[in-house]
file input32.cif (mmCIF, C-alpha atoms)
data_coords
loop_
_atom_site.label_atom_id
_atom_site.label_comp_id
_atom_site.auth_asym_id
_atom_site.auth_seq_id
_atom_site.Cartn_x
_atom_site.Cartn_y
_atom_site.Cartn_z
CA MET M 153 100.02 23.48 129.86
CA ASN M 154 100.13 20.16 128.04
CA HIS M 155 101.55 17.31 130.07
CA THR M 156 103.89 14.63 128.76
CA GLU M 157 105.10 11.30 130.10
CA ALA M 158 108.22 13.09 131.37
CA SER M 159 106.30 15.84 133.17
CA MET M 160 103.95 13.27 134.72
CA ASP M 161 106.94 11.23 135.90
CA ALA M 162 108.30 14.35 137.62
CA LEU M 163 104.98 14.86 139.41
CA ARG M 164 105.19 11.31 140.75
CA ARG M 165 108.26 12.30 142.79
CA SER M 166 106.69 15.28 144.55
CA GLY M 167 104.53 15.38 147.67
CA ASP M 168 103.41 18.39 149.72
CA GLU M 169 106.39 20.05 151.40
CA LEU M 170 104.44 22.12 153.96
CA ALA M 171 102.10 19.36 155.14
CA ASP M 172 104.83 16.72 155.06
CA ALA M 173 107.11 18.81 157.27
CA THR M 174 104.27 19.51 159.71
CA VAL M 175 103.33 15.85 160.05
CA ALA M 176 106.95 14.71 160.36
CA THR M 177 107.47 17.14 163.26
CA LEU M 178 104.26 16.05 165.01
CA PHE M 179 105.32 12.41 164.86
CA GLU M 180 108.91 13.18 165.84
CA ARG M 181 107.72 15.01 168.97
CA GLY M 182 104.98 12.50 169.82
CA GLU M 183 102.27 15.17 169.47
CA VAL M 184 99.87 13.55 167.00
CA GLY M 185 97.45 12.33 169.67
CA LYS M 186 97.36 15.77 171.33
CA PHE M 187 96.76 17.41 167.94
CA ASN M 188 93.86 15.10 167.09
CA THR M 189 92.23 15.56 170.49
CA LEU M 190 92.43 19.35 170.42
CA MET M 191 91.45 19.68 166.75
CA ARG M 192 88.14 17.88 167.32
CA TYR M 193 87.03 21.21 168.78
CA VAL M 194 88.21 23.23 165.76
CA SER M 195 85.73 22.51 163.00
CA THR M 196 84.60 25.95 161.82
CA VAL M 197 86.26 28.99 160.27
CA GLY M 198 87.10 31.60 162.92
CA ALA M 199 87.11 29.19 165.86
CA PRO M 200 89.99 30.05 168.20
CA LEU M 201 92.87 27.60 168.20
CA PRO M 202 92.99 25.79 171.55
CA ASP M 203 95.67 26.30 174.16
CA GLY M 204 98.27 23.56 174.13
CA LEU M 205 98.14 23.04 170.37
CA PRO M 206 101.62 22.04 169.11
CA GLU M 207 103.39 25.10 167.74
CA VAL M 208 104.18 23.48 164.37
CA ALA M 209 100.47 22.71 163.94
CA ARG M 210 99.50 26.24 164.93
CA GLU M 211 101.87 27.66 162.30
CA TYR M 212 100.49 25.29 159.64
CA LEU M 213 96.87 26.16 160.45
CA GLN M 214 97.59 29.89 160.34
CA GLU M 215 99.42 29.61 157.02
CA THR M 216 96.59 27.58 155.41
CA SER M 217 93.64 29.42 156.98
CA ALA M 218 92.58 31.31 153.85
CA PRO M 219 91.88 30.37 150.24
CA PRO M 220 94.45 31.43 147.62
CA ALA M 221 94.54 35.14 146.78
CA TRP M 222 93.72 34.49 143.12
CA VAL M 223 90.21 33.11 143.81
CA ASP M 224 87.48 34.65 141.64
CA TRP M 225 84.46 34.74 143.94
CA GLY M 226 82.10 35.31 141.03
CA GLU M 227 83.20 31.97 139.55
CA MET M 228 82.79 30.29 142.92
CA GLU M 229 79.22 31.54 143.18
CA LYS M 230 78.50 30.20 139.68
CA ALA M 231 79.90 26.85 140.79
CA ARG M 232 77.67 26.83 143.87
CA LEU M 233 74.58 27.54 141.79
CA PHE M 234 75.63 24.81 139.34
CA PHE M 235 75.87 22.40 142.27
CA ILE M 236 72.44 23.39 143.60
CA ASP M 237 70.90 22.91 140.16
CA ASN M 238 72.52 19.50 139.69
CA ASN M 239 73.15 18.23 143.20
CA VAL M 240 71.46 14.84 142.81
CA HIS M 241 73.22 14.22 139.51
CA ILE M 242 76.56 15.35 140.92
CA SER M 243 76.12 13.10 143.97
CA THR M 244 75.32 10.22 141.64
CA ALA M 245 78.43 10.92 139.56
CA LEU M 246 80.67 11.22 142.64
CA SER M 247 79.36 7.97 144.11
CA PHE M 248 79.12 5.79 141.01
CA ALA M 249 81.79 7.23 138.69
CA SER M 250 84.41 9.20 140.64
CA MET M 251 84.94 6.66 143.41
CA PRO M 252 85.07 3.63 141.05
CA ALA M 253 87.52 5.58 138.86
CA CYS M 254 89.81 5.83 141.88
CA TYR M 255 89.54 2.07 142.32
CA VAL M 256 90.47 1.36 138.70
CA VAL M 257 93.94 2.83 139.34
CA PRO M 258 95.65 -0.01 141.26
CA HIS M 259 98.09 2.05 143.32
CA VAL M 260 95.33 4.53 144.24
CA ALA M 261 93.12 1.65 145.39
CA LYS M 262 96.03 0.56 147.57
CA LEU M 263 96.41 4.08 148.97
CA LEU M 264 92.69 4.37 149.78
CA SER M 265 92.87 1.05 151.58
CA ALA M 266 95.90 2.28 153.52
CA ALA M 267 94.19 5.48 154.61
CA HIS M 268 90.93 3.92 155.79
CA GLY M 269 91.26 0.16 156.12
CA LEU M 270 89.14 -2.18 154.06
CA LYS M 271 86.61 -2.66 156.86
CA TYR M 272 85.30 0.91 156.89
CA PRO M 273 83.87 1.85 153.46
CA SER M 274 81.12 4.06 154.94
CA LYS M 275 83.75 6.25 156.63
CA ARG M 276 85.58 6.72 153.34
CA MET M 277 82.40 7.65 151.46
CA ALA M 278 81.05 9.79 154.31
CA GLU M 279 84.24 11.85 154.45
CA THR M 280 84.13 12.44 150.69
CA GLY M 281 80.44 13.36 150.68
CA GLN M 282 80.69 15.64 153.69
CA PHE M 283 83.71 17.43 152.21
CA THR M 284 81.83 18.18 148.97
CA VAL M 285 78.73 19.41 150.78
CA TYR M 286 80.87 21.74 152.91
CA LEU M 287 82.50 23.14 149.76
CA MET M 288 79.23 24.01 148.06
CA GLN M 289 77.67 25.93 150.94
CA PRO M 290 77.10 29.67 150.27
CA ASP M 291 79.36 30.59 153.20
CA ALA M 292 82.04 27.93 152.57
CA PHE M 293 84.91 30.35 153.23
CA GLU M 294 83.25 32.61 155.78
CA SER M 295 83.25 32.62 159.57
CA GLY M 296 81.38 29.65 160.98
CA SER M 297 81.69 27.40 157.92
CA ARG M 298 83.29 23.96 158.03
CA PHE M 299 85.05 23.67 154.67
CA VAL M 300 88.42 25.32 155.36
CA PRO M 301 89.17 23.33 158.56
CA ALA M 302 88.14 20.15 156.73
CA ALA M 303 90.55 20.95 153.89
CA GLN M 304 93.37 21.68 156.35
CA LYS M 305 92.83 18.32 158.07
CA VAL M 306 92.50 16.33 154.85
CA ARG M 307 95.80 17.79 153.67
CA LEU M 308 97.49 16.56 156.86
CA LEU M 309 95.74 13.19 156.50
CA HIS M 310 97.34 12.79 153.06
CA ALA M 311 100.74 13.74 154.50
CA SER M 312 100.36 11.22 157.31
CA VAL M 313 99.69 8.41 154.81
CA ARG M 314 102.89 9.36 152.99
CA HIS M 315 104.74 9.44 156.32
CA HIS M 316 103.56 5.99 157.44
CA LEU M 317 104.06 4.18 154.15
CA GLU M 318 107.55 5.53 153.58
CA ARG M 319 108.71 5.21 157.21
CA GLU M 320 107.46 1.63 157.54
CA ASP M 321 108.85 0.61 154.16
CA ARG M 322 105.40 -0.46 152.98
CA TRP M 323 105.58 1.37 149.67
CA ASP M 324 107.90 0.90 146.69
CA THR M 325 108.73 4.55 146.08
CA GLU M 326 111.24 3.72 143.38
CA ALA M 327 108.65 1.87 141.29
CA LEU M 328 105.47 3.72 142.28
CA GLY M 329 106.64 7.21 143.12
CA THR M 330 105.77 9.16 146.25
CA PRO M 331 102.52 8.02 147.93
CA ILE M 332 99.71 10.50 147.19
CA CYS M 333 102.08 12.35 144.88
CA GLN M 334 101.29 15.48 142.89
CA GLU M 335 100.25 13.42 139.86
CA ASP M 336 97.75 11.46 141.96
CA MET M 337 96.44 14.58 143.71
CA ILE M 338 95.79 16.24 140.35
CA GLY M 339 94.30 12.97 139.11
CA GLY M 340 91.94 12.98 142.09
CA GLN M 341 90.99 16.56 141.29
CA MET M 342 90.13 15.39 137.76
CA PHE M 343 88.00 12.52 139.10
CA PHE M 344 85.91 14.92 141.18
CA SER M 345 85.61 17.57 138.49
CA MET M 346 86.11 16.47 134.88
CA LEU M 347 84.82 12.95 135.41
CA VAL M 348 81.73 14.34 137.14
CA LEU M 349 81.07 16.60 134.15
CA ASP M 350 81.57 13.64 131.80
CA SER M 351 79.10 11.62 133.87
CA LEU M 352 76.49 14.38 133.79
CA HIS M 353 76.86 14.39 130.02
CA ARG M 354 76.40 10.61 129.92
CA LEU M 355 73.29 10.97 132.08
CA GLY M 356 71.87 13.42 129.55
CA ILE M 357 72.09 16.49 131.78
CA HIS M 358 72.17 19.77 129.88
CA MET M 359 75.01 22.01 131.04
CA SER M 360 76.18 25.40 129.90
CA THR M 361 79.86 25.83 129.15
CA GLU M 362 79.88 28.58 131.78
CA GLY M 363 78.48 26.26 134.44
CA ALA M 364 80.89 23.44 133.60
CA GLU M 365 83.88 25.78 133.68
CA ALA M 366 82.80 27.22 137.03
CA TYR M 367 82.42 23.75 138.57
CA TYR M 368 85.90 22.81 137.37
CA TYR M 369 87.25 26.12 138.69
CA ALA M 370 85.89 25.36 142.17
CA TRP M 371 87.88 22.12 142.25
CA ARG M 372 91.00 24.00 141.19
CA VAL M 373 90.52 26.08 144.35
CA VAL M 374 90.07 22.88 146.35
CA GLY M 375 93.27 21.48 144.87
CA ALA M 376 95.19 24.59 145.87
CA MET M 377 93.96 24.24 149.45
CA LEU M 378 94.96 20.57 149.51
CA GLY M 379 98.53 21.32 148.54
CA VAL M 380 98.40 20.74 144.78
CA ASP M 381 101.14 22.46 142.79
CA GLN M 382 99.23 25.14 140.88
CA ASP M 383 101.92 25.45 138.22
CA ALA M 384 101.13 21.86 137.19
CA VAL M 385 97.32 21.99 137.35
CA PRO M 386 95.40 22.19 134.06
CA LYS M 387 93.75 25.62 133.84
CA SER M 388 91.06 24.87 131.23
CA LEU M 389 88.62 22.06 130.49
CA GLU M 390 90.60 21.17 127.38
CA GLU M 391 93.86 20.87 129.34
CA ALA M 392 92.06 18.91 132.05
CA ARG M 393 90.76 16.45 129.47
CA GLN M 394 94.29 15.89 128.15
CA PHE M 395 95.64 15.32 131.67
CA LEU M 396 92.85 12.92 132.67
CA ASP M 397 93.21 10.84 129.51
CA LEU M 398 96.99 10.60 129.91
CA TYR M 399 96.73 9.81 133.62
CA MET M 400 94.26 6.98 133.03
CA LEU M 401 96.24 5.53 130.14
CA ARG M 402 99.36 5.50 132.32
CA HIS M 403 97.82 3.81 135.35
CA MET M 404 94.39 2.21 134.99
CA GLY M 405 93.94 -1.53 135.21
CA PRO M 406 92.51 -4.35 137.32
CA SER M 407 93.57 -5.08 140.90
CA GLU M 408 92.32 -7.13 143.84
CA GLU M 409 92.12 -3.98 145.97
CA GLY M 410 90.06 -2.18 143.32
CA ALA M 411 87.59 -5.04 142.99
CA HIS M 412 87.32 -5.36 146.77
CA LEU M 413 86.67 -1.65 147.29
CA THR M 414 84.08 -1.67 144.50
CA ARG M 415 82.26 -4.61 146.09
CA GLN M 416 82.17 -2.67 149.35
CA LEU M 417 80.84 0.40 147.56
CA ILE M 418 78.06 -1.63 145.95
CA ASP M 419 77.15 -3.33 149.23
CA LEU M 420 77.12 0.01 151.04
CA TYR M 421 74.70 1.66 148.63
CA GLU M 422 72.51 -1.41 148.40
CA GLU M 423 72.04 -0.97 152.15
CA VAL M 424 71.06 2.67 151.61
CA VAL M 425 68.47 1.80 148.91
CA PRO M 426 65.25 0.63 150.66
CA GLY M 427 64.32 -3.00 150.03
CA THR M 428 66.08 -5.29 147.58
CA LEU M 429 64.21 -4.82 144.30
CA PHE M 430 66.35 -1.88 143.20
CA ASP M 431 69.68 -3.17 144.55
CA PRO M 432 70.96 -4.08 141.05
CA VAL M 433 70.55 -0.43 139.99
CA VAL M 434 73.76 0.38 141.90
CA SER M 435 75.86 -1.99 139.79
CA ALA M 436 74.06 -0.92 136.62
CA LEU M 437 74.76 2.76 137.28
CA ILE M 438 78.45 2.09 137.87
CA ARG M 439 78.72 0.15 134.60
CA HIS M 440 76.80 2.85 132.73
CA LEU M 441 79.07 5.64 134.00
CA VAL M 442 82.51 3.99 133.92
CA GLY M 443 81.99 1.71 130.92
CA ASP M 444 82.17 -2.05 130.55
CA THR M 445 85.96 -2.29 130.37
CA CYS M 446 86.44 -0.64 133.76
CA GLY M 447 83.32 -2.39 135.04
CA ASP M 448 84.87 -5.76 134.20
CA TRP M 449 88.20 -4.80 135.82
CA LEU M 450 86.31 -3.84 138.99
CA GLN M 451 84.21 -7.03 138.79
CA VAL M 452 80.96 -5.06 138.77
CA PRO M 453 78.14 -7.60 138.33
CA ARG M 454 76.09 -7.50 135.15
CA THR M 455 72.37 -7.28 135.95
CA ARG M 456 69.01 -7.08 134.24
CA TRP M 457 69.03 -3.36 135.04
CA ASP M 458 71.99 -2.64 132.73
CA THR M 459 69.63 -1.93 129.82
CA VAL M 460 67.03 -0.15 131.95
CA VAL M 461 69.59 2.32 133.33
CA LYS M 462 70.37 3.46 129.79
CA ALA M 463 66.89 5.05 129.79
CA VAL M 464 67.87 7.33 132.68
CA PRO M 465 68.83 10.24 130.37
CA HIS M 466 65.32 10.21 128.88
CA LEU M 467 63.73 10.39 132.34
CA LEU M 468 66.06 13.16 133.40
CA GLY M 469 65.20 15.01 130.19
CA VAL M 470 61.54 15.01 131.21
CA LEU M 471 62.42 16.36 134.64
CA GLU M 472 64.57 19.08 133.06
CA SER M 473 61.64 20.11 130.86
CA ILE M 474 59.48 20.50 133.96
CA GLU M 475 62.22 22.53 135.62
CA ASP M 476 62.67 24.82 132.59
CA ARG M 477 58.95 25.52 132.15
CA SER M 478 57.84 25.95 135.74
CA PRO M 479 59.47 28.09 138.47
CA LEU M 480 57.53 26.08 141.03
CA GLY M 481 58.70 22.83 139.44
CA ALA M 482 62.29 24.09 139.46
CA TRP M 483 62.02 25.00 143.15
CA ALA M 484 60.46 21.62 144.00
CA LEU M 485 63.13 19.65 142.12
CA ASP M 486 65.98 21.66 143.65
CA ARG M 487 64.49 21.10 147.09
CA LEU M 488 64.06 17.38 146.41
CA GLY M 489 67.66 17.23 145.23
CA HIS M 490 68.88 18.90 148.40
CA LEU M 491 66.88 16.55 150.62
CA THR M 492 68.06 13.50 148.69
CA THR M 493 71.70 14.54 149.06
CA VAL M 494 71.28 15.24 152.78
CA LEU M 495 69.52 11.88 153.29
CA GLU M 496 72.29 10.02 151.46
CA LEU M 497 75.00 11.75 153.49
CA SER M 498 73.10 11.15 156.73
CA SER M 499 72.86 7.44 155.91
CA LEU M 500 76.61 7.24 155.33
CA THR M 501 77.67 9.28 158.38
CA ARG M 502 75.07 7.73 160.70
CA GLY M 503 74.43 11.32 161.81
CA ARG M 504 78.03 11.89 162.92
CA VAL M 505 80.44 14.68 161.94
CA MET M 506 83.59 13.31 160.29
CA HIS M 507 86.75 14.80 161.85
CA TYR M 508 89.48 13.79 159.36
CA ALA M 509 91.99 12.93 162.09
CA ILE M 510 95.65 12.10 161.45
CA PRO M 511 96.00 8.31 161.82
CA GLU M 512 98.64 7.47 164.43
CA GLN M 513 99.20 4.22 162.57
CA LEU M 514 97.86 2.59 159.42
CA LYS M 515 95.66 -0.45 159.71
CA ARG M 516 97.37 -3.68 158.83
CA ASP M 517 94.32 -4.91 156.90
CA TYR M 518 94.87 -2.06 154.48
CA GLY M 519 95.08 -4.26 151.41
CA VAL M 520 93.87 -7.53 149.99
CA SER M 521 97.55 -8.41 149.74
CA GLU M 522 100.62 -6.84 151.37
CA SER M 523 102.19 -5.76 148.10
CA VAL M 524 101.09 -3.79 145.08
CA ARG M 525 101.35 -5.83 141.93
CA ARG M 526 103.71 -4.49 139.65
CA THR M 527 74.04 28.71 127.49
CA HIS M 528 75.56 26.64 124.88
CA ARG M 529 75.15 23.07 125.73
CA TRP M 530 78.54 21.80 126.80
CA THR M 531 79.67 18.60 125.12
CA PRO M 532 82.94 17.13 126.43
CA PRO M 533 85.68 16.28 123.93
CA THR M 534 85.76 12.63 122.95
CA ALA M 535 87.68 10.68 125.55
CA THR M 536 90.32 8.31 124.31
CA VAL M 537 90.25 5.97 127.29
CA PRO M 538 87.55 3.38 128.14
CA TYR M 539 85.87 4.89 131.18
#
call {"tool": "encode", "arguments": {"input": "input32.cif", "output": "structure tokens"}}
result
Amino acid sequence: MNHTEASMDALRRSGDELADATVATLFERGEVGKFNTLMRYVSTVGAPLPDGLPEVAREYLQETSAPPAWVDWGEMEKARLFFIDNNVHISTALSFASMPACYVVPHVAKLLSAAHGLKYPSKRMAETGQFTVYLMQPDAFESGSRFVPAAQKVRLLHASVRHHLEREDRWDTEALGTPICQEDMIGGQMFFSMLVLDSLHRLGIHMSTEGAEAYYYAWRVVGAMLGVDQDAVPKSLEEARQFLDLYMLRHMGPSEEGAHLTRQLIDLYEEVVPGTLFDPVVSALIRHLVGDTCGDWLQVPRTRWDTVVKAVPHLLGVLESIEDRSPLGAWALDRLGHLTTVLELSSLTRGRVMHYAIPEQLKRDYGVSESVRRTHRWTPPTATVPY
């Protein structure tokens, strides 16, 4: 379906009825703390639900315990193989394009600050990275895997943010719509799918149309499990491009929260990169992937590496040639990619498992200010927005 300003406005008024009702009941009955404590021990598919779990939570977990019936498992396997083949590049795109894109939407930057607090950027990035790694495991939906419970908890986390902001009158619903509304949830799905594919293209990565479509399909499944209205979700890459362009044109711009979150992101990854010589590469990569307009809005520093980073596609082209011509080279590069991704995630999580708990209250330092200011190579269609 093609979206219009009117249809997007309608999506701004909708949340997630099932998760919202579950969270409202947990807070009403004072059972959030009990839920969080007990759910720390439920982190894999098939794990028995603990005794004493609030009944409303038990009903929610049972209703959301399986992926949607329409899932094409052949497409999901293609998506997993696409991820394995491009895991370093996808991790790069998620870190230096998808997250900054979230920050360039002022009300989304405010929401991210509300959910995590501005003092904990590693937690925010670790949760995102861990969630993606769980999704792309070969047994993501089978007994013993961690993805489905993570999705169930993230969905409740989103509902709890809506609950807190609206109950405490810390969100202008009339002007901004419902917090973490359907439009924003679909927009987030686009950031982690379409924008990743755009970034791979900008990095010079060769992708088949089949692989790109499968990767996007996997995030459609994720969206369904996070409570996204499937009647409103773009079904094809072309529809997704139209939605993403319209969404960004409607909302993107500079904000203090966005610049602050970006500075934290840069600082965080500069800590991950050994030494200081290559620290400017982080800023240069963000500018290369999101463009100078968004880079300026986010106050991403200009560095001497800005020009050097533009040579990345040529380097990656050499590596792809090695991969195409040598089975051993392909195996070695895939293995290196896997280890690099694991090392990055380990650095962000400090070796801990993220539990995606429902916050019993939102941190009061959640913003810079207390108010939001009003086999064929796939080539993406030309974007009409400057990211």
call {"tool": "closest_residue", "arguments": {"input": "input32.cif", "among": "M:Gln382, M:Ser312, M:Gln513, M:Ser345", "to": "Asp172 of chain M", "atoms": "only C-alpha atoms"}}
result
M:Ser312
call {"tool": "residues_around", "arguments": {"input": "input32.cif", "residues": "Leu178 of chain M", "least_positions_apart": "3", "cutoff": "8 Å", "atoms": "all atoms listed in the file", "output": "ChimeraX atom specification"}}
result
/M:174-175,181-184,206,208-209
call {"tool": "resolve_selection", "arguments": {"input": "input32.cif", "expression": "the PyMOL selection byres ((chain M and resi 241) around 10)", "output": "list of chain:residue names"}}
result
M:Phe235, M:Asp237, M:Asn238, M:Asn239, M:Val240, M:Ile242, M:Ser243, M:Thr244, M:Ala245, M:Leu246, M:Ser247, M:Val348, M:Leu349, M:Ser351, M:Leu352, M:Leu355, M:Ile357, M:Leu468, M:Gly489, M:Thr493
call {"tool": "atom_distance", "arguments": {"input": "input32.cif", "atom1": "atom CA of Lys186 of chain M", "atom2": "atom CA of Ala303 of chain M"}}
result
19.4 Å
call {"tool": "atom_distance", "arguments": {"input": "input32.cif", "atom1": "atom CA of Pro406 of chain M", "atom2": "atom CA of Thr455 of chain M"}}
result
20.4 Å
call {"tool": "residues_near_point", "arguments": {"input": "input32.cif", "point": "(77.9, 4.7, 135.6)", "cutoff": "9 Å", "atoms": "all atoms listed in the file", "output": "MDAnalysis selection string"}}
result
chainID M and resid 244:245 248:249 351 354:355 434:443 447 461
call {"tool": "atom_distance", "arguments": {"input": "input32.cif", "atom1": "atom CA of Met400 of chain M", "atom2": "atom CA of His155 of chain M"}}
result
13.0 Å
call {"tool": "residues_around", "arguments": {"input": "input32.cif", "residues": "Val194 of chain M", "least_positions_apart": "3", "cutoff": "12 Å", "atoms": "all atoms listed in the file", "output": "VMD selection string"}}
result
chain M and resid 187 to 191 197 to 203 205 210 213 296 to 302 304 to 305 507 to 509
call {"tool": "write_last_selection", "arguments": {"input": "input32.cif", "atoms": "C-alpha atoms", "output": "mmCIF file, in the coordinates of the input"}}
result
data_model
loop_
_atom_site.group_PDB
_atom_site.id
_atom_site.type_symbol
_atom_site.label_atom_id
_atom_site.label_comp_id
_atom_site.auth_asym_id
_atom_site.auth_seq_id
_atom_site.Cartn_x
_atom_site.Cartn_y
_atom_site.Cartn_z
ATOM 1 C CA PHE M 187 96.760 17.410 167.940
ATOM 2 C CA ASN M 188 93.860 15.100 167.090
ATOM 3 C CA THR M 189 92.230 15.560 170.490
ATOM 4 C CA LEU M 190 92.430 19.350 170.420
ATOM 5 C CA MET M 191 91.450 19.680 166.750
ATOM 6 C CA VAL M 197 86.260 28.990 160.270
ATOM 7 C CA GLY M 198 87.100 31.600 162.920
ATOM 8 C CA ALA M 199 87.110 29.190 165.860
ATOM 9 C CA PRO M 200 89.990 30.050 168.200
ATOM 10 C CA LEU M 201 92.870 27.600 168.200
ATOM 11 C CA PRO M 202 92.990 25.790 171.550
ATOM 12 C CA ASP M 203 95.670 26.300 174.160
ATOM 13 C CA LEU M 205 98.140 23.040 170.370
ATOM 14 C CA ARG M 210 99.500 26.240 164.930
ATOM 15 C CA LEU M 213 96.870 26.160 160.450
ATOM 16 C CA GLY M 296 81.380 29.650 160.980
ATOM 17 C CA SER M 297 81.690 27.400 157.920
ATOM 18 C CA ARG M 298 83.290 23.960 158.030
ATOM 19 C CA PHE M 299 85.050 23.670 154.670
ATOM 20 C CA VAL M 300 88.420 25.320 155.360
ATOM 21 C CA PRO M 301 89.170 23.330 158.560
ATOM 22 C CA ALA M 302 88.140 20.150 156.730
ATOM 23 C CA GLN M 304 93.370 21.680 156.350
ATOM 24 C CA LYS M 305 92.830 18.320 158.070
ATOM 25 C CA HIS M 507 86.750 14.800 161.850
ATOM 26 C CA TYR M 508 89.480 13.790 159.360
ATOM 27 C CA ALA M 509 91.990 12.930 162.090
#
call {"tool": "resolve_selection", "arguments": {"input": "input32.cif", "expression": "the PyMOL selection byres ((chain M and resi 234) around 9)", "output": "ChimeraX atom specification"}}
result
/M:229-233,235-239,359,363-364,366-367
call {"tool": "closest_residue", "arguments": {"input": "input32.cif", "among": "M:Leu398, M:Leu328, M:Val380, M:Leu170", "to": "Thr156 of chain M", "atoms": "only C-alpha atoms"}}
result
M:Leu398
call {"tool": "resolve_selection", "arguments": {"input": "input32.cif", "expression": "the PyMOL selection byres ((chain M and resi 154) around 12)", "output": "list in words"}}
result
Met153, His155, Thr156, Glu157, Ala158, Ser159, Met160, Asp383, Ala384, Val385, Pro386, Lys387, Ser388, Leu389, Glu390, Glu391, Ala392, Arg393, Gln394, Phe395, Leu396, Asp397 and Leu398 of chain M
call {"tool": "closest_residue", "arguments": {"input": "input32.cif", "among": "M:Gln282, M:Arg164, M:Glu365, M:Pro511", "to": "Ala327 of chain M", "atoms": "all atoms listed in the file"}}
result
M:Arg164
call {"tool": "decode", "arguments": {"input": "input32.cif", "residues": "segment 199-211 of chain M", "atoms": "N, CA and C atoms", "output": "JSON list (two decimals), in the first residue's frame"}}
result
[["chain", "number", "residue", "atom", "x", "y", "z"],
["M", 199, "ALA", "N", 11.19, -22.50, 27.87],
["M", 199, "ALA", "CA", 11.40, -22.49, 29.32],
["M", 199, "ALA", "C", 10.05, -22.38, 30.01],
["M", 200, "PRO", "N", 9.82, -23.16, 31.05],
["M", 200, "PRO", "CA", 8.53, -23.10, 31.75],
["M", 200, "PRO", "C", 8.34, -21.75, 32.42],
["M", 201, "LEU", "N", 7.12, -21.24, 32.36],
["M", 201, "LEU", "CA", 6.82, -19.99, 33.04],
["M", 201, "LEU", "C", 6.81, -20.23, 34.55],
["M", 202, "PRO", "N", 7.42, -19.35, 35.32],
["M", 202, "PRO", "CA", 7.56, -19.60, 36.76],
["M", 202, "PRO", "C", 6.25, -19.47, 37.52],
["M", 203, "ASP", "N", 6.16, -20.20, 38.62],
["M", 203, "ASP", "CA", 5.02, -20.07, 39.52],
["M", 203, "ASP", "C", 5.00, -18.65, 40.07],
["M", 204, "GLY", "N", 3.80, -18.13, 40.27],
["M", 204, "GLY", "CA", 3.67, -16.79, 40.83],
["M", 204, "GLY", "C", 3.67, -15.69, 39.81],
["M", 205, "LEU", "N", 3.84, -16.04, 38.52],
["M", 205, "LEU", "CA", 3.82, -15.02, 37.48],
["M", 205, "LEU", "C", 2.42, -14.43, 37.39],
["M", 206, "PRO", "N", 2.28, -13.09, 37.36],
["M", 206, "PRO", "CA", 0.95, -12.50, 37.26],
["M", 206, "PRO", "C", 0.16, -13.09, 36.09],
["M", 207, "GLU", "N", -1.12, -13.36, 36.32],
["M", 207, "GLU", "CA", -1.93, -14.05, 35.32],
["M", 207, "GLU", "C", -2.01, -13.27, 34.02],
["M", 208, "VAL", "N", -2.11, -11.94, 34.08],
["M", 208, "VAL", "CA", -2.20, -11.15, 32.86],
["M", 208, "VAL", "C", -0.92, -11.29, 32.04],
["M", 209, "ALA", "N", 0.23, -11.40, 32.72],
["M", 209, "ALA", "CA", 1.49, -11.59, 32.03],
["M", 209, "ALA", "C", 1.57, -12.99, 31.42],
["M", 210, "ARG", "N", 1.07, -13.98, 32.15],
["M", 210, "ARG", "CA", 1.08, -15.35, 31.65],
["M", 210, "ARG", "C", 0.23, -15.44, 30.36],
["M", 211, "GLU", "N", -0.92, -14.79, 30.37],
["M", 211, "GLU", "CA", -1.78, -14.80, 29.18],
["M", 211, "GLU", "C", -1.10, -14.11, 28.00]]
